[in-house]
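> One file is attached below, input07.pdb, containing PDB, N, CA and C atoms.
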```
ATOM      1  N   MET A  29     -84.352  31.942  13.246
ATOM      2  CA  MET A  29     -83.984  31.504  11.921
ATOM      3  C   MET A  29     -82.501  31.200  11.881
ATOM      4  N   GLY A  30     -82.141  29.988  12.121
ATOM      5  CA  GLY A  30     -80.767  29.583  11.946
ATOM      6  C   GLY A  30     -79.885  29.659  13.179
ATOM      7  N   PHE A  31     -79.955  30.777  13.926
ATOM      8  CA  PHE A  31     -79.088  30.940  15.091
ATOM      9  C   PHE A  31     -79.788  30.363  16.304
ATOM     10  N   ILE A  32     -79.148  29.421  17.003
ATOM     11  CA  ILE A  32     -79.796  28.782  18.147
ATOM     12  C   ILE A  32     -79.391  29.450  19.448
ATOM     13  N   ASN A  33     -78.141  29.358  19.839
ATOM     14  CA  ASN A  33     -77.722  29.921  21.122
ATOM     15  C   ASN A  33     -76.203  29.959  21.244
ATOM     16  N   TYR A  34     -75.762  30.427  22.412
ATOM     17  CA  TYR A  34     -74.344  30.522  22.731
ATOM     18  C   TYR A  34     -74.049  29.522  23.830
ATOM     19  N   THR A  35     -73.043  28.671  23.639
ATOM     20  CA  THR A  35     -72.727  27.661  24.649
ATOM     21  C   THR A  35     -71.254  27.693  24.988
ATOM     22  N   GLY A  36     -70.893  28.469  25.990
ATOM     23  CA  GLY A  36     -69.547  28.453  26.534
ATOM     24  C   GLY A  36     -68.432  28.660  25.545
ATOM     25  N   GLY A  37     -68.441  29.756  24.811
ATOM     26  CA  GLY A  37     -67.347  30.056  23.910
ATOM     27  C   GLY A  37     -67.624  29.727  22.467
ATOM     28  N   ARG A  38     -68.727  29.079  22.197
ATOM     29  CA  ARG A  38     -69.044  28.696  20.831
ATOM     30  C   ARG A  38     -70.512  29.013  20.544
ATOM     31  N   PHE A  39     -70.759  29.560  19.384
ATOM     32  CA  PHE A  39     -72.120  29.850  18.969
ATOM     33  C   PHE A  39     -72.646  28.663  18.179
ATOM     34  N   VAL A  40     -73.911  28.340  18.385
ATOM     35  CA  VAL A  40     -74.522  27.187  17.725
ATOM     36  C   VAL A  40     -75.447  27.665  16.624
ATOM     37  N   LEU A  41     -75.268  27.094  15.432
ATOM     38  CA  LEU A  41     -76.118  27.383  14.284
ATOM     39  C   LEU A  41     -76.887  26.128  13.913
ATOM     40  N   GLU A  42     -78.126  26.288  13.473
ATOM     41  CA  GLU A  42     -78.926  25.153  13.035
ATOM     42  C   GLU A  42     -78.481  24.734  11.643
ATOM     43  N   GLY A  43     -78.247  23.454  11.477
ATOM     44  CA  GLY A  43     -77.760  22.934  10.200
ATOM     45  C   GLY A  43     -78.719  23.166   9.050
ATOM     46  N   SER A  44     -78.150  23.435   7.876
ATOM     47  CA  SER A  44     -78.890  23.627   6.631
ATOM     48  C   SER A  44     -79.925  24.745   6.695
ATOM     49  N   GLN A  45     -79.652  25.750   7.515
ATOM     50  CA  GLN A  45     -80.525  26.917   7.634
ATOM     51  C   GLN A  45     -79.699  28.171   7.394
ATOM     52  N   SER A  46     -80.289  29.171   6.768
ATOM     53  CA  SER A  46     -79.603  30.447   6.633
ATOM     54  C   SER A  46     -79.526  31.112   8.002
ATOM     55  N   ALA A  47     -78.567  32.002   8.170
ATOM     56  CA  ALA A  47     -78.387  32.668   9.459
ATOM     57  C   ALA A  47     -77.707  34.010   9.246
ATOM     58  N   SER A  48     -77.963  34.920  10.146
ATOM     59  CA  SER A  48     -77.251  36.194  10.186
ATOM     60  C   SER A  48     -76.387  36.176  11.426
ATOM     61  N   ILE A  49     -75.077  36.350  11.242
ATOM     62  CA  ILE A  49     -74.149  36.303  12.372
ATOM     63  C   ILE A  49     -73.458  37.648  12.528
ATOM     64  N   LYS A  50     -72.967  37.922  13.727
ATOM     65  CA  LYS A  50     -72.181  39.120  14.003
ATOM     66  C   LYS A  50     -70.708  38.741  13.955
ATOM     67  N   MET A  51     -69.926  39.577  13.249
ATOM     68  CA  MET A  51     -68.481  39.387  13.208
ATOM     69  C   MET A  51     -67.817  40.689  13.617
ATOM     70  N   GLY A  52     -66.812  40.596  14.474
ATOM     71  CA  GLY A  52     -66.106  41.782  14.915
ATOM     72  C   GLY A  52     -65.559  41.586  16.310
ATOM     73  N   PRO A  53     -65.120  42.644  16.921
ATOM     74  CA  PRO A  53     -65.047  43.972  16.330
ATOM     75  C   PRO A  53     -63.846  44.080  15.391
ATOM     76  N   PHE A  54     -64.053  44.770  14.280
ATOM     77  CA  PHE A  54     -62.958  45.086  13.373
ATOM     78  C   PHE A  54     -62.299  46.355  13.894
ATOM     79  N   ILE A  55     -61.002  46.270  14.141
ATOM     80  CA  ILE A  55     -60.269  47.419  14.681
ATOM     81  C   ILE A  55     -59.037  47.701  13.835
ATOM     82  N   ASP A  56     -58.624  48.953  13.886
ATOM     83  CA  ASP A  56     -57.402  49.382  13.214
ATOM     84  C   ASP A  56     -56.235  49.038  14.131
ATOM     85  N   THR A  57     -55.007  49.186  13.635
ATOM     86  CA  THR A  57     -53.825  48.877  14.445
ATOM     87  C   THR A  57     -53.693  49.777  15.663
ATOM     88  N   ASP A  58     -54.375  50.927  15.671
ATOM     89  CA  ASP A  58     -54.326  51.807  16.838
ATOM     90  C   ASP A  58     -55.439  51.515  17.837
ATOM     91  N   GLY A  59     -56.261  50.501  17.567
ATOM     92  CA  GLY A  59     -57.302  50.088  18.496
ATOM     93  C   GLY A  59     -58.662  50.732  18.283
ATOM     94  N   THR A  60     -58.793  51.576  17.279
ATOM     95  CA  THR A  60     -60.093  52.209  17.035
ATOM     96  C   THR A  60     -60.966  51.313  16.147
ATOM     97  N   ALA A  61     -62.271  51.361  16.391
ATOM     98  CA  ALA A  61     -63.221  50.573  15.611
ATOM     99  C   ALA A  61     -63.260  51.069  14.170
ATOM    100  N   VAL A  62     -63.321  50.128  13.227
ATOM    101  CA  VAL A  62     -63.409  50.465  11.809
ATOM    102  C   VAL A  62     -64.860  50.237  11.373
ATOM    103  N   THR A  63     -65.497  51.311  10.914
ATOM    104  CA  THR A  63     -66.927  51.258  10.613
ATOM    105  C   THR A  63     -67.250  51.411   9.137
ATOM    106  N   ASP A  64     -66.240  51.542   8.284
ATOM    107  CA  ASP A  64     -66.491  51.820   6.868
ATOM    108  C   ASP A  64     -65.886  50.774   5.932
ATOM    109  N   LEU A  65     -65.762  49.531   6.401
ATOM    110  CA  LEU A  65     -65.187  48.473   5.571
ATOM    111  C   LEU A  65     -66.171  48.015   4.504
ATOM    112  N   ILE A  66     -65.628  47.588   3.384
ATOM    113  CA  ILE A  66     -66.421  46.907   2.368
ATOM    114  C   ILE A  66     -66.009  45.437   2.445
ATOM    115  N   ILE A  67     -66.916  44.610   2.975
ATOM    116  CA  ILE A  67     -66.642  43.184   3.151
ATOM    117  C   ILE A  67     -67.525  42.420   2.174
ATOM    118  N   ALA A  68     -66.915  41.954   1.091
ATOM    119  CA  ALA A  68     -67.636  41.253   0.029
ATOM    120  C   ALA A  68     -67.809  39.776   0.374
ATOM    121  N   GLN A  69     -68.651  39.115  -0.390
ATOM    122  CA  GLN A  69     -68.869  37.679  -0.236
ATOM    123  C   GLN A  69     -67.538  36.925  -0.223
ATOM    124  N   SER A  70     -66.651  37.261  -1.138
ATOM    125  CA  SER A  70     -65.379  36.538  -1.260
ATOM    126  C   SER A  70     -64.424  36.792  -0.103
ATOM    127  N   ASP A  71     -64.672  37.842   0.690
ATOM    128  CA  ASP A  71     -63.832  38.130   1.861
ATOM    129  C   ASP A  71     -64.185  37.264   3.061
ATOM    130  N   VAL A  72     -65.382  36.703   3.055
ATOM    131  CA  VAL A  72     -65.844  35.866   4.174
ATOM    132  C   VAL A  72     -65.491  34.424   3.852
ATOM    133  N   ARG A  73     -64.501  33.903   4.559
ATOM    134  CA  ARG A  73     -63.950  32.579   4.288
ATOM    135  C   ARG A  73     -64.431  31.587   5.349
ATOM    136  N   LEU A  74     -64.867  30.411   4.915
ATOM    137  CA  LEU A  74     -65.392  29.386   5.812
ATOM    138  C   LEU A  74     -64.547  28.126   5.736
ATOM    139  N   SER A  75     -64.288  27.541   6.897
ATOM    140  CA  SER A  75     -63.661  26.221   6.964
ATOM    141  C   SER A  75     -64.623  25.311   7.723
ATOM    142  N   LYS A  76     -65.139  24.306   7.029
ATOM    143  CA  LYS A  76     -66.113  23.385   7.607
ATOM    144  C   LYS A  76     -65.384  22.153   8.115
ATOM    145  N   ASN A  77     -65.433  21.945   9.432
ATOM    146  CA  ASN A  77     -64.786  20.787  10.063
ATOM    147  C   ASN A  77     -63.319  20.644   9.678
ATOM    148  N   GLY A  78     -62.606  21.768   9.624
ATOM    149  CA  GLY A  78     -61.172  21.738   9.346
ATOM    150  C   GLY A  78     -60.820  21.603   7.878
ATOM    151  N   GLY A  79     -61.814  21.669   7.008
ATOM    152  CA  GLY A  79     -61.558  21.566   5.574
ATOM    153  C   GLY A  79     -60.946  22.844   5.026
ATOM    154  N   ASP A  80     -60.606  22.810   3.750
ATOM    155  CA  ASP A  80     -60.037  23.975   3.087
ATOM    156  C   ASP A  80     -61.014  25.142   3.142
ATOM    157  N   TYR A  81     -60.455  26.351   3.202
ATOM    158  CA  TYR A  81     -61.289  27.557   3.196
ATOM    159  C   TYR A  81     -61.950  27.745   1.838
ATOM    160  N   ALA A  82     -63.170  28.270   1.863
ATOM    161  CA  ALA A  82     -63.907  28.646   0.664
ATOM    162  C   ALA A  82     -64.782  29.836   1.025
ATOM    163  N   GLN A  83     -65.176  30.616   0.026
ATOM    164  CA  GLN A  83     -66.030  31.760   0.319
ATOM    165  C   GLN A  83     -67.427  31.285   0.705
ATOM    166  N   LYS A  84     -68.140  32.120   1.443
ATOM    167  CA  LYS A  84     -69.505  31.771   1.842
ATOM    168  C   LYS A  84     -70.396  31.726   0.610
ATOM    169  N   SER A  85     -71.519  31.016   0.708
ATOM    170  CA  SER A  85     -72.394  30.865  -0.455
ATOM    171  C   SER A  85     -73.363  32.028  -0.635
ATOM    172  N   ASP A  86     -73.785  32.667   0.448
ATOM    173  CA  ASP A  86     -74.704  33.795   0.330
ATOM    174  C   ASP A  86     -73.972  34.962  -0.316
ATOM    175  N   ALA A  87     -74.573  35.570  -1.348
ATOM    176  CA  ALA A  87     -73.901  36.602  -2.140
ATOM    177  C   ALA A  87     -73.849  37.970  -1.470
ATOM    178  N   ALA A  88     -74.579  38.167  -0.391
ATOM    179  CA  ALA A  88     -74.654  39.490   0.241
ATOM    180  C   ALA A  88     -73.332  39.901   0.872
ATOM    181  N   SER A  89     -73.025  41.187   0.755
ATOM    182  CA  SER A  89     -71.877  41.768   1.457
ATOM    183  C   SER A  89     -72.250  41.976   2.924
ATOM    184  N   ALA A  90     -71.251  42.040   3.771
ATOM    185  CA  ALA A  90     -71.500  42.333   5.187
ATOM    186  C   ALA A  90     -71.871  43.803   5.345
ATOM    187  N   THR A  91     -72.677  44.103   6.340
ATOM    188  CA  THR A  91     -73.073  45.483   6.614
ATOM    189  C   THR A  91     -72.696  45.855   8.033
ATOM    190  N   HIS A  92     -72.243  47.093   8.194
ATOM    191  CA  HIS A  92     -71.839  47.556   9.519
ATOM    192  C   HIS A  92     -73.060  47.723  10.410
ATOM    193  N   ASP A  93     -72.934  47.266  11.646
ATOM    194  CA  ASP A  93     -73.985  47.445  12.644
ATOM    195  C   ASP A  93     -73.601  48.609  13.552
ATOM    196  N   GLU A  94     -72.588  48.401  14.400
ATOM    197  CA  GLU A  94     -72.080  49.495  15.232
ATOM    198  C   GLU A  94     -70.749  49.111  15.844
ATOM    199  N   ASN A  95     -69.964  50.117  16.169
ATOM    200  CA  ASN A  95     -68.694  49.945  16.883
ATOM    201  C   ASN A  95     -67.773  48.884  16.277
ATOM    202  N   GLY A  96     -67.742  48.790  14.949
ATOM    203  CA  GLY A  96     -66.859  47.836  14.291
ATOM    204  C   GLY A  96     -67.419  46.437  14.143
ATOM    205  N   TRP A  97     -68.658  46.220  14.530
ATOM    206  CA  TRP A  97     -69.312  44.920  14.366
ATOM    207  C   TRP A  97     -70.117  44.923  13.080
ATOM    208  N   TYR A  98     -70.037  43.824  12.336
ATOM    209  CA  TYR A  98     -70.697  43.697  11.042
ATOM    210  C   TYR A  98     -71.640  42.494  11.043
ATOM    211  N   ASP A  99     -72.771  42.656  10.331
ATOM    212  CA  ASP A  99     -73.713  41.560  10.128
ATOM    213  C   ASP A  99     -73.314  40.813   8.865
ATOM    214  N   VAL A 100     -73.233  39.488   8.972
ATOM    215  CA  VAL A 100     -72.832  38.639   7.854
ATOM    216  C   VAL A 100     -73.928  37.596   7.633
ATOM    217  N   ALA A 101     -74.433  37.530   6.410
ATOM    218  CA  ALA A 101     -75.458  36.542   6.061
ATOM    219  C   ALA A 101     -74.792  35.258   5.590
ATOM    220  N   LEU A 102     -75.250  34.139   6.156
ATOM    221  CA  LEU A 102     -74.815  32.815   5.717
ATOM    222  C   LEU A 102     -75.996  32.125   5.052
ATOM    223  N   GLY A 103     -75.743  31.387   3.985
ATOM    224  CA  GLY A 103     -76.786  30.633   3.309
ATOM    225  C   GLY A 103     -76.914  29.234   3.882
ATOM    226  N   SER A 104     -77.960  28.537   3.488
ATOM    227  CA  SER A 104     -78.181  27.179   4.000
ATOM    228  C   SER A 104     -77.042  26.237   3.609
ATOM    229  N   GLY A 105     -76.390  26.493   2.479
ATOM    230  CA  GLY A 105     -75.239  25.677   2.087
ATOM    231  C   GLY A 105     -74.037  25.884   2.990
ATOM    232  N   ASP A 106     -73.943  27.069   3.586
ATOM    233  CA  ASP A 106     -72.826  27.360   4.495
ATOM    234  C   ASP A 106     -72.929  26.557   5.789
ATOM    235  N   THR A 107     -74.147  26.176   6.152
ATOM    236  CA  THR A 107     -74.371  25.442   7.401
ATOM    237  C   THR A 107     -74.824  24.009   7.139
ATOM    238  N   ALA A 108     -74.533  23.480   5.959
ATOM    239  CA  ALA A 108     -75.011  22.151   5.574
ATOM    240  C   ALA A 108     -74.227  21.015   6.220
ATOM    241  N   ILE A 109     -73.024  21.283   6.729
ATOM    242  CA  ILE A 109     -72.193  20.235   7.323
ATOM    243  C   ILE A 109     -72.156  20.424   8.833
ATOM    244  N   GLN A 110     -72.552  19.392   9.568
ATOM    245  CA  GLN A 110     -72.532  19.454  11.031
ATOM    246  C   GLN A 110     -71.102  19.493  11.545
ATOM    247  N   GLY A 111     -70.934  20.147  12.692
ATOM    248  CA  GLY A 111     -69.631  20.207  13.342
ATOM    249  C   GLY A 111     -69.109  21.627  13.395
ATOM    250  N   ASN A 112     -67.791  21.765  13.372
ATOM    251  CA  ASN A 112     -67.149  23.075  13.491
ATOM    252  C   ASN A 112     -67.267  23.881  12.202
ATOM    253  N   LEU A 113     -67.536  25.171  12.371
ATOM    254  CA  LEU A 113     -67.550  26.099  11.248
ATOM    255  C   LEU A 113     -66.733  27.312  11.662
ATOM    256  N   LEU A 114     -65.563  27.464  11.057
ATOM    257  CA  LEU A 114     -64.703  28.600  11.337
ATOM    258  C   LEU A 114     -64.960  29.663  10.274
ATOM    259  N   VAL A 115     -65.353  30.861  10.727
ATOM    260  CA  VAL A 115     -65.600  31.986   9.832
ATOM    261  C   VAL A 115     -64.453  32.971  10.032
ATOM    262  N   ALA A 116     -63.755  33.317   8.968
ATOM    263  CA  ALA A 116     -62.605  34.213   9.041
ATOM    264  C   ALA A 116     -62.750  35.315   7.995
ATOM    265  N   ILE A 117     -62.432  36.551   8.421
ATOM    266  CA  ILE A 117     -62.488  37.699   7.512
ATOM    267  C   ILE A 117     -61.202  38.497   7.673
ATOM    268  N   ASN A 118     -60.528  38.731   6.548
ATOM    269  CA  ASN A 118     -59.299  39.510   6.542
ATOM    270  C   ASN A 118     -59.399  40.504   5.388
ATOM    271  N   VAL A 119     -59.653  41.778   5.723
ATOM    272  CA  VAL A 119     -59.791  42.816   4.698
ATOM    273  C   VAL A 119     -58.852  43.968   5.020
ATOM    274  N   ALA A 120     -58.439  44.670   3.972
ATOM    275  CA  ALA A 120     -57.567  45.826   4.152
ATOM    276  C   ALA A 120     -58.265  46.880   4.997
ATOM    277  N   GLY A 121     -57.515  47.461   5.921
ATOM    278  CA  GLY A 121     -58.043  48.524   6.756
ATOM    279  C   GLY A 121     -58.374  48.105   8.164
ATOM    280  N   ALA A 122     -58.288  46.791   8.454
ATOM    281  CA  ALA A 122     -58.594  46.300   9.806
ATOM    282  C   ALA A 122     -57.806  45.024  10.081
ATOM    283  N   LEU A 123     -57.648  44.735  11.357
ATOM    284  CA  LEU A 123     -57.022  43.477  11.747
ATOM    285  C   LEU A 123     -57.973  42.319  11.435
ATOM    286  N   PRO A 124     -57.457  41.120  11.184
ATOM    287  CA  PRO A 124     -58.325  39.976  10.875
ATOM    288  C   PRO A 124     -59.251  39.632  12.045
ATOM    289  N   VAL A 125     -60.410  39.093  11.707
ATOM    290  CA  VAL A 125     -61.392  38.653  12.696
ATOM    291  C   VAL A 125     -61.800  37.233  12.347
ATOM    292  N   PHE A 126     -61.960  36.386  13.370
ATOM    293  CA  PHE A 126     -62.466  35.041  13.142
ATOM    294  C   PHE A 126     -63.343  34.638  14.318
ATOM    295  N   ARG A 127     -64.225  33.677  14.066
ATOM    296  CA  ARG A 127     -65.117  33.167  15.114
ATOM    297  C   ARG A 127     -65.469  31.727  14.770
ATOM    298  N   MET A 128     -65.514  30.895  15.819
ATOM    299  CA  MET A 128     -65.868  29.485  15.658
ATOM    300  C   MET A 128     -67.341  29.294  15.993
ATOM    301  N   PHE A 129     -68.023  28.542  15.146
ATOM    302  CA  PHE A 129     -69.417  28.175  15.363
ATOM    303  C   PHE A 129     -69.527  26.662  15.401
ATOM    304  N   GLU A 130     -70.581  26.184  16.002
ATOM    305  CA  GLU A 130     -70.923  24.767  15.997
ATOM    306  C   GLU A 130     -72.204  24.625  15.194
ATOM    307  N   VAL A 131     -72.200  23.774  14.182
ATOM    308  CA  VAL A 131     -73.390  23.550  13.378
ATOM    309  C   VAL A 131     -74.055  22.272  13.895
ATOM    310  N   SER A 132     -75.301  22.428  14.359
ATOM    311  CA  SER A 132     -76.055  21.307  14.909
ATOM    312  C   SER A 132     -76.913  20.676  13.823
ATOM    313  N   PRO A 133     -77.503  19.512  14.093
ATOM    314  CA  PRO A 133     -78.422  18.923  13.105
ATOM    315  C   PRO A 133     -79.571  19.879  12.815
ATOM    316  N   GLY A 134     -80.009  19.932  11.566
ATOM    317  CA  GLY A 134     -81.130  20.797  11.183
ATOM    318  C   GLY A 134     -82.420  20.336  11.831
ATOM    319  N   GLY A 135     -83.250  21.322  12.153
ATOM    320  CA  GLY A 135     -84.492  20.993  12.861
ATOM    321  C   GLY A 135     -85.710  20.957  11.978
ATOM    322  N   SER A 136     -85.599  21.481  10.762
ATOM    323  CA  SER A 136     -86.815  21.495   9.938
ATOM    324  C   SER A 136     -86.549  21.090   8.520
TER     325      SER A 136
END
```
What does this structure look like when you write it as structure tokens?

Amino acid sequence: MGFINYTGGRFVLEGSQSASIKMGPFIDTDGTAVTDLIIAQSDVRLSKNGGDYAQKSDAASATHDENGWYDVALGSGDTAIQGNLLVAINVAGALPVFRMFEVSPGGS
């Protein structure tokens, strides 16, 4: 559902499909994993093909998985534009995290 594969440094997402992505690891300045962050919808910032940042469309907050890694839900509107999708999260209590995705043409 939404996540296709990993291709040499970039993760590929299917266009116009919802997806659950992993973001992290979130670490403190001393290098320890931060497992108790509250990451709201508005904290997850997206830049589509180099455009201005905006919050993700899916209203769900991120949830901790393990060792400072968090699950982040993206809505179909978040993946509606083909090309680069930069996901950036900067919240108090941890160093910023970002990851680049490639949005491919939708398959269904």
> Hey, which of A:Asp86, A:Gln69, A:Glu130, A:Tyr81 ends up closest to Gly111 (chain A)? Count only N, CA and C atoms.
A:Glu130
> Please expand the PyMOL selection byres ((chain A and resi 90-103) around 5) into the concrete residues it hits in this file, giving the result as a PyMOL selection string.
chain A and resi 45-54+61-62+67+86+88-89+104-107
> Would you work out the distance separating atom C of Gly79 (chain A) from atom C of Leu123 (chain A), expressed in Å to one decimal?
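Separation between atom C of Gly79 (chain A) and atom C of Leu123 (chain A): 20.7 Å.
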> Just say which residues the PyMOL selection byres ((chain A and resi 77) around 7) picks in this file, as an MDAnalysis selection string.
chainID A and resid 75:76 78:80 109:114
> Would you work out the distance separating CA of Ala122 (chain A) from CA of Ile55 (chain A), expressed in Å to one decimal?
5.3 Å
> Distance atom C of Ala120 (chain A)-atom C of Val72 (chain A), one decimal place?
14.4 Å
> Of the candidates A:Ala68, A:Phe39, A:Leu74, A:Asp58, which one gets nearest to Ala116 (chain A) if we count only C-alpha atoms?
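Of A:Ala68, A:Phe39, A:Leu74, A:Asp58, the one nearest Ala116 (chain A) is A:Leu74, counting only C-alpha atoms.
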> From a DSSP pass on the backbone, collect the residues of chain A flagged as strand (DSSP E or B) and hand them back as JSON, numbers by chain.
{"A": [31, 32, 33, 34, 35, 38, 39, 40, 41, 42, 47, 48, 49, 50, 51, 55, 61, 72, 73, 74, 75, 76, 82, 83, 91, 92, 93, 94, 97, 98, 99, 100, 101, 102, 111, 112, 113, 114, 115, 116, 117, 125, 126, 127, 128, 129, 130, 131, 132]}
> The PyMOL selection byres (((chain A and resi 134 and name CA) around 10) and name CA) - which residues does that actually catch in the file I just gave you? List them as a list in words.
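Selected by the PyMOL selection byres (((chain A and resi 134 and name CA) around 10) and name CA) in this file: Gly30, Leu41, Glu42, Gly43, Ser44, Gln45, Thr107, Ala108, Ile109, Gln110, Val131, Ser132, Pro133, Gly135 and Ser136 of chain A.
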